[in-house]
Amino acid sequence: MAEEVEARANQLISEVKDALEAEYGITEWTTSNEGGWFPEEGNGYGGTSLLTTYNSASYGAEIRIPVEQWDDVIDTVRTITQKYEISEERNETYIEEYPEWMRFGGFYRGTESFDIMVQDDTLNPEHATSDSDDELVTGVSLLYVITTISKGDRDEFIQRAAPYEGLRLPEATTSD
């Protein structure tokens, strides 16, 4: 339920940061892209949605981690997300194009996900240093996202969905 999301997200992120500090010395996290709630505008079939999405802030730590430890860093996060039953793994194919300078770990359960990225953009052959570049160049970034429903909207959601239970989901008619 939406009412429990922020506490769960904060606890998970805190546990991940603590583990990464203890095992790899990753400290001094910065936050960007303030987190918050974002209502879904439509249900994909021309109607309104009762769902809402929570994105945590993006957390980043500038640190150069040896490439041979990147998979271990992601494994550390995997172990923690599994305790929260966020255990399915998502593969981001666009990142596979850059394995020499970036690793991605995406873990999910339904509409809940936790992402970690370890990178060293200086290893990217196309890396260009710029004084105006405010993106993470070397280090680790974390993000938690979930799409859920509030307790107050749950009964209406169940009522709206009941006539369609067990039916094959049709193709969406709108891009909302």
# chains A, B, ... in the order shown; residues from 1 in each chain; ligands from 1

$ closest_atom_pairs --of "range 3-94 of chain A" --to "range 135-158 of chain A" --cutoff "7 Å" --atoms "only C-alpha atoms" --output "JSON lines"
{"residue": "A:Glu3", "atom": "CA", "partner": "A:Ser150", "partner_atom": "CA", "distance": 6.5}
{"residue": "A:Ala9", "atom": "CA", "partner": "A:Tyr144", "partner_atom": "CA", "distance": 6.6}
{"residue": "A:Leu50", "atom": "CA", "partner": "A:Ile149", "partner_atom": "CA", "distance": 6.4}
{"residue": "A:Leu51", "atom": "CA", "partner": "A:Ile149", "partner_atom": "CA", "distance": 4.9}
{"residue": "A:Thr52", "atom": "CA", "partner": "A:Thr147", "partner_atom": "CA", "distance": 5.5}
{"residue": "A:Thr53", "atom": "CA", "partner": "A:Thr147", "partner_atom": "CA", "distance": 4.1}
{"residue": "A:Tyr54", "atom": "CA", "partner": "A:Ile146", "partner_atom": "CA", "distance": 5.4}
{"residue": "A:Asn55", "atom": "CA", "partner": "A:Val145", "partner_atom": "CA", "distance": 4.6}
{"residue": "A:Ser56", "atom": "CA", "partner": "A:Tyr144", "partner_atom": "CA", "distance": 5.3}
{"residue": "A:Ala57", "atom": "CA", "partner": "A:Leu143", "partner_atom": "CA", "distance": 6.8}
{"residue": "A:Ser58", "atom": "CA", "partner": "A:Leu143", "partner_atom": "CA", "distance": 5.2}
{"residue": "A:Tyr59", "atom": "CA", "partner": "A:Leu142", "partner_atom": "CA", "distance": 5.1}
{"residue": "A:Gly60", "atom": "CA", "partner": "A:Ser141", "partner_atom": "CA", "distance": 4.2}
{"residue": "A:Ala61", "atom": "CA", "partner": "A:Val140", "partner_atom": "CA", "distance": 5.4}
{"residue": "A:Glu62", "atom": "CA", "partner": "A:Gly139", "partner_atom": "CA", "distance": 4.5}
{"residue": "A:Ile63", "atom": "CA", "partner": "A:Gly139", "partner_atom": "CA", "distance": 4.4}
{"residue": "A:Arg64", "atom": "CA", "partner": "A:Thr138", "partner_atom": "CA", "distance": 5.6}
{"residue": "A:Ile65", "atom": "CA", "partner": "A:Gly139", "partner_atom": "CA", "distance": 6.9}

$ residues_around --residues "Thr76 in chain A" --least-positions-apart "6" --cutoff "9 Å" --atoms "only C-alpha atoms" --output "number ranges by chain"
A: 16, 19-20, 23

$ select_by_dssp --residues "chain A" --states "strand (DSSP E or B)" --output "PDB file with N, CA, C and O atoms, in the first residue's frame"
ATOM      1  N   THR A  30      25.251  11.666  -2.316  1.00  0.00           N
ATOM      2  CA  THR A  30      24.529  12.879  -2.667  1.00  0.00           C
ATOM      3  C   THR A  30      23.169  12.477  -3.227  1.00  0.00           C
ATOM      4  O   THR A  30      22.998  11.358  -3.711  1.00  0.00           O
ATOM      5  N   THR A  31      22.230  13.390  -3.150  1.00  0.00           N
ATOM      6  CA  THR A  31      20.909  13.119  -3.703  1.00  0.00           C
ATOM      7  C   THR A  31      20.617  14.090  -4.839  1.00  0.00           C
ATOM      8  O   THR A  31      21.042  15.236  -4.822  1.00  0.00           O
ATOM      9  N   SER A  32      19.927  13.573  -5.820  1.00  0.00           N
ATOM     10  CA  SER A  32      19.471  14.404  -6.931  1.00  0.00           C
ATOM     11  C   SER A  32      18.086  13.917  -7.330  1.00  0.00           C
ATOM     12  O   SER A  32      17.639  12.863  -6.887  1.00  0.00           O
ATOM     13  N   GLY A  36       9.426  11.499  -5.022  1.00  0.00           N
ATOM     14  CA  GLY A  36       8.062  11.954  -4.830  1.00  0.00           C
ATOM     15  C   GLY A  36       7.058  11.017  -5.464  1.00  0.00           C
ATOM     16  O   GLY A  36       7.404   9.987  -6.030  1.00  0.00           O
ATOM     17  N   TRP A  37       5.809  11.418  -5.333  1.00  0.00           N
ATOM     18  CA  TRP A  37       4.676  10.655  -5.842  1.00  0.00           C
ATOM     19  C   TRP A  37       4.206  11.251  -7.150  1.00  0.00           C
ATOM     20  O   TRP A  37       4.094  12.475  -7.275  1.00  0.00           O
ATOM     21  N   PHE A  38       3.894  10.389  -8.113  1.00  0.00           N
ATOM     22  CA  PHE A  38       3.468  10.813  -9.433  1.00  0.00           C
ATOM     23  C   PHE A  38       2.252   9.989  -9.840  1.00  0.00           C
ATOM     24  O   PHE A  38       2.368   8.784 -10.073  1.00  0.00           O
ATOM     25  N   PRO A  39       1.076  10.628  -9.898  1.00  0.00           N
ATOM     26  CA  PRO A  39      -0.135   9.866 -10.258  1.00  0.00           C
ATOM     27  C   PRO A  39      -0.069   9.398 -11.703  1.00  0.00           C
ATOM     28  O   PRO A  39       0.459  10.084 -12.575  1.00  0.00           O
ATOM     29  N   THR A  52      -0.533   5.077  -8.507  1.00  0.00           N
ATOM     30  CA  THR A  52       0.403   6.184  -8.365  1.00  0.00           C
ATOM     31  C   THR A  52       1.810   5.605  -8.244  1.00  0.00           C
ATOM     32  O   THR A  52       1.984   4.494  -7.730  1.00  0.00           O
ATOM     33  N   THR A  53       2.794   6.335  -8.747  1.00  0.00           N
ATOM     34  CA  THR A  53       4.171   5.848  -8.736  1.00  0.00           C
ATOM     35  C   THR A  53       5.007   6.691  -7.787  1.00  0.00           C
ATOM     36  O   THR A  53       4.920   7.926  -7.788  1.00  0.00           O
ATOM     37  N   TYR A  54       5.813   6.002  -6.988  1.00  0.00           N
ATOM     38  CA  TYR A  54       6.761   6.668  -6.098  1.00  0.00           C
ATOM     39  C   TYR A  54       8.162   6.409  -6.633  1.00  0.00           C
ATOM     40  O   TYR A  54       8.548   5.261  -6.862  1.00  0.00           O
ATOM     41  N   ASN A  55       8.904   7.486  -6.843  1.00  0.00           N
ATOM     42  CA  ASN A  55      10.333   7.403  -7.187  1.00  0.00           C
ATOM     43  C   ASN A  55      11.103   7.979  -6.015  1.00  0.00           C
ATOM     44  O   ASN A  55      10.830   9.118  -5.600  1.00  0.00           O
ATOM     45  N   SER A  58      17.393  10.056  -6.390  1.00  0.00           N
ATOM     46  CA  SER A  58      18.529   9.296  -6.922  1.00  0.00           C
ATOM     47  C   SER A  58      19.708   9.549  -5.989  1.00  0.00           C
ATOM     48  O   SER A  58      20.007  10.695  -5.672  1.00  0.00           O
ATOM     49  N   TYR A  59      20.350   8.481  -5.562  1.00  0.00           N
ATOM     50  CA  TYR A  59      21.498   8.594  -4.666  1.00  0.00           C
ATOM     51  C   TYR A  59      22.753   8.238  -5.440  1.00  0.00           C
ATOM     52  O   TYR A  59      22.775   7.241  -6.156  1.00  0.00           O
ATOM     53  N   GLY A  60      23.788   9.048  -5.287  1.00  0.00           N
ATOM     54  CA  GLY A  60      25.040   8.782  -5.980  1.00  0.00           C
ATOM     55  C   GLY A  60      26.223   9.018  -5.070  1.00  0.00           C
ATOM     56  O   GLY A  60      26.197   9.895  -4.202  1.00  0.00           O
ATOM     57  N   ALA A  61      27.256   8.220  -5.265  1.00  0.00           N
ATOM     58  CA  ALA A  61      28.503   8.388  -4.518  1.00  0.00           C
ATOM     59  C   ALA A  61      29.649   8.354  -5.520  1.00  0.00           C
ATOM     60  O   ALA A  61      29.796   7.386  -6.265  1.00  0.00           O
ATOM     61  N   GLU A  62      30.418   9.442  -5.541  1.00  0.00           N
ATOM     62  CA  GLU A  62      31.598   9.517  -6.410  1.00  0.00           C
ATOM     63  C   GLU A  62      32.711   8.701  -5.768  1.00  0.00           C
ATOM     64  O   GLU A  62      33.196   9.058  -4.700  1.00  0.00           O
ATOM     65  N   GLU A  88      13.475 -10.650  -8.610  1.00  0.00           N
ATOM     66  CA  GLU A  88      13.575 -10.897 -10.051  1.00  0.00           C
ATOM     67  C   GLU A  88      14.627  -9.942 -10.614  1.00  0.00           C
ATOM     68  O   GLU A  88      14.774  -8.827 -10.132  1.00  0.00           O
ATOM     69  N   GLU A  89      15.350 -10.383 -11.635  1.00  0.00           N
ATOM     70  CA  GLU A  89      16.392  -9.536 -12.199  1.00  0.00           C
ATOM     71  C   GLU A  89      15.991  -9.023 -13.563  1.00  0.00           C
ATOM     72  O   GLU A  89      15.475  -9.754 -14.388  1.00  0.00           O
ATOM     73  N   ARG A  90      16.236  -7.739 -13.754  1.00  0.00           N
ATOM     74  CA  ARG A  90      15.915  -7.079 -15.016  1.00  0.00           C
ATOM     75  C   ARG A  90      17.218  -6.829 -15.765  1.00  0.00           C
ATOM     76  O   ARG A  90      18.197  -6.370 -15.197  1.00  0.00           O
ATOM     77  N   MET A 102      30.465   0.288 -17.410  1.00  0.00           N
ATOM     78  CA  MET A 102      29.246   0.371 -16.623  1.00  0.00           C
ATOM     79  C   MET A 102      28.684  -1.020 -16.328  1.00  0.00           C
ATOM     80  O   MET A 102      28.730  -1.894 -17.176  1.00  0.00           O
ATOM     81  N   ARG A 103      28.172  -1.201 -15.112  1.00  0.00           N
ATOM     82  CA  ARG A 103      27.423  -2.402 -14.753  1.00  0.00           C
ATOM     83  C   ARG A 103      26.110  -1.958 -14.140  1.00  0.00           C
ATOM     84  O   ARG A 103      26.060  -0.997 -13.368  1.00  0.00           O
ATOM     85  N   PHE A 104      25.059  -2.697 -14.441  1.00  0.00           N
ATOM     86  CA  PHE A 104      23.730  -2.375 -13.963  1.00  0.00           C
ATOM     87  C   PHE A 104      23.149  -3.580 -13.253  1.00  0.00           C
ATOM     88  O   PHE A 104      23.267  -4.708 -13.729  1.00  0.00           O
ATOM     89  N   GLY A 105      22.529  -3.346 -12.127  1.00  0.00           N
ATOM     90  CA  GLY A 105      21.771  -4.369 -11.429  1.00  0.00           C
ATOM     91  C   GLY A 105      20.363  -3.858 -11.219  1.00  0.00           C
ATOM     92  O   GLY A 105      20.173  -2.840 -10.555  1.00  0.00           O
ATOM     93  N   GLY A 106      19.406  -4.512 -11.814  1.00  0.00           N
ATOM     94  CA  GLY A 106      18.006  -4.125 -11.672  1.00  0.00           C
ATOM     95  C   GLY A 106      17.223  -5.270 -11.079  1.00  0.00           C
ATOM     96  O   GLY A 106      17.203  -6.367 -11.636  1.00  0.00           O
ATOM     97  N   PHE A 107      16.586  -5.029  -9.960  1.00  0.00           N
ATOM     98  CA  PHE A 107      15.861  -6.063  -9.244  1.00  0.00           C
ATOM     99  C   PHE A 107      14.420  -5.604  -9.067  1.00  0.00           C
ATOM    100  O   PHE A 107      14.162  -4.431  -8.786  1.00  0.00           O
ATOM    101  N   TYR A 108      13.469  -6.512  -9.242  1.00  0.00           N
ATOM    102  CA  TYR A 108      12.074  -6.105  -9.154  1.00  0.00           C
ATOM    103  C   TYR A 108      11.190  -7.216  -8.623  1.00  0.00           C
ATOM    104  O   TYR A 108      11.556  -8.386  -8.605  1.00  0.00           O
ATOM    105  N   ARG A 109      10.011  -6.803  -8.196  1.00  0.00           N
ATOM    106  CA  ARG A 109       8.914  -7.692  -7.823  1.00  0.00           C
ATOM    107  C   ARG A 109       7.647  -6.956  -8.224  1.00  0.00           C
ATOM    108  O   ARG A 109       7.330  -5.910  -7.655  1.00  0.00           O
ATOM    109  N   GLU A 112       7.473  -3.032  -8.186  1.00  0.00           N
ATOM    110  CA  GLU A 112       8.473  -2.493  -7.269  1.00  0.00           C
ATOM    111  C   GLU A 112       9.860  -2.830  -7.807  1.00  0.00           C
ATOM    112  O   GLU A 112      10.112  -3.968  -8.194  1.00  0.00           O
ATOM    113  N   SER A 113      10.768  -1.844  -7.807  1.00  0.00           N
ATOM    114  CA  SER A 113      12.107  -2.128  -8.321  1.00  0.00           C
ATOM    115  C   SER A 113      13.173  -1.340  -7.569  1.00  0.00           C
ATOM    116  O   SER A 113      12.903  -0.297  -6.971  1.00  0.00           O
ATOM    117  N   PHE A 114      14.371  -1.881  -7.625  1.00  0.00           N
ATOM    118  CA  PHE A 114      15.551  -1.233  -7.047  1.00  0.00           C
ATOM    119  C   PHE A 114      16.681  -1.395  -8.048  1.00  0.00           C
ATOM    120  O   PHE A 114      16.966  -2.502  -8.486  1.00  0.00           O
ATOM    121  N   ASP A 115      17.297  -0.273  -8.406  1.00  0.00           N
ATOM    122  CA  ASP A 115      18.375  -0.282  -9.394  1.00  0.00           C
ATOM    123  C   ASP A 115      19.670   0.208  -8.781  1.00  0.00           C
ATOM    124  O   ASP A 115      19.676   1.148  -7.978  1.00  0.00           O
ATOM    125  N   ILE A 116      20.766  -0.420  -9.199  1.00  0.00           N
ATOM    126  CA  ILE A 116      22.104   0.030  -8.851  1.00  0.00           C
ATOM    127  C   ILE A 116      22.918   0.088 -10.131  1.00  0.00           C
ATOM    128  O   ILE A 116      22.813  -0.795 -10.988  1.00  0.00           O
ATOM    129  N   MET A 117      23.706   1.134 -10.248  1.00  0.00           N
ATOM    130  CA  MET A 117      24.614   1.243 -11.370  1.00  0.00           C
ATOM    131  C   MET A 117      26.002   1.568 -10.824  1.00  0.00           C
ATOM    132  O   MET A 117      26.143   2.434  -9.959  1.00  0.00           O
ATOM    133  N   VAL A 118      26.991   0.822 -11.306  1.00  0.00           N
ATOM    134  CA  VAL A 118      28.387   1.073 -10.976  1.00  0.00           C
ATOM    135  C   VAL A 118      29.050   1.474 -12.280  1.00  0.00           C
ATOM    136  O   VAL A 118      28.878   0.791 -13.301  1.00  0.00           O
ATOM    137  N   GLN A 119      29.786   2.572 -12.253  1.00  0.00           N
ATOM    138  CA  GLN A 119      30.365   3.025 -13.509  1.00  0.00           C
ATOM    139  C   GLN A 119      31.665   3.781 -13.319  1.00  0.00           C
ATOM    140  O   GLN A 119      31.966   4.269 -12.238  1.00  0.00           O
ATOM    141  N   ASP A 120      32.396   3.825 -14.393  1.00  0.00           N
ATOM    142  CA  ASP A 120      33.581   4.665 -14.504  1.00  0.00           C
ATOM    143  C   ASP A 120      33.614   5.162 -15.940  1.00  0.00           C
ATOM    144  O   ASP A 120      34.145   4.505 -16.833  1.00  0.00           O
ATOM    145  N   THR A 138      32.317   8.674 -12.068  1.00  0.00           N
ATOM    146  CA  THR A 138      32.738   7.401 -11.491  1.00  0.00           C
ATOM    147  C   THR A 138      31.981   7.210 -10.186  1.00  0.00           C
ATOM    148  O   THR A 138      31.799   8.147  -9.420  1.00  0.00           O
ATOM    149  N   GLY A 139      31.525   5.994  -9.963  1.00  0.00           N
ATOM    150  CA  GLY A 139      30.854   5.746  -8.705  1.00  0.00           C
ATOM    151  C   GLY A 139      29.672   4.821  -8.802  1.00  0.00           C
ATOM    152  O   GLY A 139      29.576   3.993  -9.706  1.00  0.00           O
ATOM    153  N   VAL A 140      28.769   5.005  -7.848  1.00  0.00           N
ATOM    154  CA  VAL A 140      27.615   4.130  -7.682  1.00  0.00           C
ATOM    155  C   VAL A 140      26.361   4.994  -7.588  1.00  0.00           C
ATOM    156  O   VAL A 140      26.374   6.042  -6.944  1.00  0.00           O
ATOM    157  N   SER A 141      25.283   4.550  -8.224  1.00  0.00           N
ATOM    158  CA  SER A 141      24.005   5.244  -8.080  1.00  0.00           C
ATOM    159  C   SER A 141      22.912   4.247  -7.741  1.00  0.00           C
ATOM    160  O   SER A 141      22.967   3.080  -8.141  1.00  0.00           O
ATOM    161  N   LEU A 142      21.920   4.718  -6.985  1.00  0.00           N
ATOM    162  CA  LEU A 142      20.826   3.886  -6.483  1.00  0.00           C
ATOM    163  C   LEU A 142      19.493   4.559  -6.751  1.00  0.00           C
ATOM    164  O   LEU A 142      19.384   5.790  -6.679  1.00  0.00           O
ATOM    165  N   LEU A 143      18.453   3.754  -7.019  1.00  0.00           N
ATOM    166  CA  LEU A 143      17.107   4.283  -7.234  1.00  0.00           C
ATOM    167  C   LEU A 143      16.073   3.221  -6.878  1.00  0.00           C
ATOM    168  O   LEU A 143      16.213   2.058  -7.258  1.00  0.00           O
ATOM    169  N   TYR A 144      15.030   3.636  -6.162  1.00  0.00           N
ATOM    170  CA  TYR A 144      13.903   2.772  -5.800  1.00  0.00           C
ATOM    171  C   TYR A 144      12.648   3.340  -6.449  1.00  0.00           C
ATOM    172  O   TYR A 144      12.413   4.557  -6.417  1.00  0.00           O
ATOM    173  N   VAL A 145      11.816   2.461  -7.045  1.00  0.00           N
ATOM    174  CA  VAL A 145      10.575   2.875  -7.703  1.00  0.00           C
ATOM    175  C   VAL A 145       9.492   1.834  -7.419  1.00  0.00           C
ATOM    176  O   VAL A 145       9.769   0.638  -7.416  1.00  0.00           O
ATOM    177  N   ILE A 146       8.269   2.312  -7.203  1.00  0.00           N
ATOM    178  CA  ILE A 146       7.134   1.399  -7.080  1.00  0.00           C
ATOM    179  C   ILE A 146       5.871   2.096  -7.596  1.00  0.00           C
ATOM    180  O   ILE A 146       5.697   3.297  -7.416  1.00  0.00           O
ATOM    181  N   THR A 147       5.039   1.337  -8.253  1.00  0.00           N
ATOM    182  CA  THR A 147       3.708   1.799  -8.628  1.00  0.00           C
ATOM    183  C   THR A 147       2.731   1.014  -7.768  1.00  0.00           C
ATOM    184  O   THR A 147       2.790  -0.222  -7.714  1.00  0.00           O
ATOM    185  N   THR A 148       1.857   1.736  -7.081  1.00  0.00           N
ATOM    186  CA  THR A 148       0.977   1.098  -6.114  1.00  0.00           C
ATOM    187  C   THR A 148      -0.353   1.859  -6.032  1.00  0.00           C
ATOM    188  O   THR A 148      -0.625   2.718  -6.857  1.00  0.00           O
TER     189      THR A 148
END

$ select_by_dssp --residues "chain A" --states "helix (DSSP H, G or I)" --output "ChimeraX atom specification"
/A:2-24,67-83,95-97,121-123,151-164

$ residues_around --residues "Arg78 in chain A" --least-positions-apart "3" --cutoff "8 Å" --atoms "only C-alpha atoms" --output "list in words"
Ile74, Asp75, Thr81, Gln82, Ser87, Gly105 and Phe107 of chain A

$ closest_residue --among "A:Glu15, A:Asp121, A:Glu34, A:Glu100" --to "Thr79 in chain A" --atoms "only C-alpha atoms"
A:Glu15
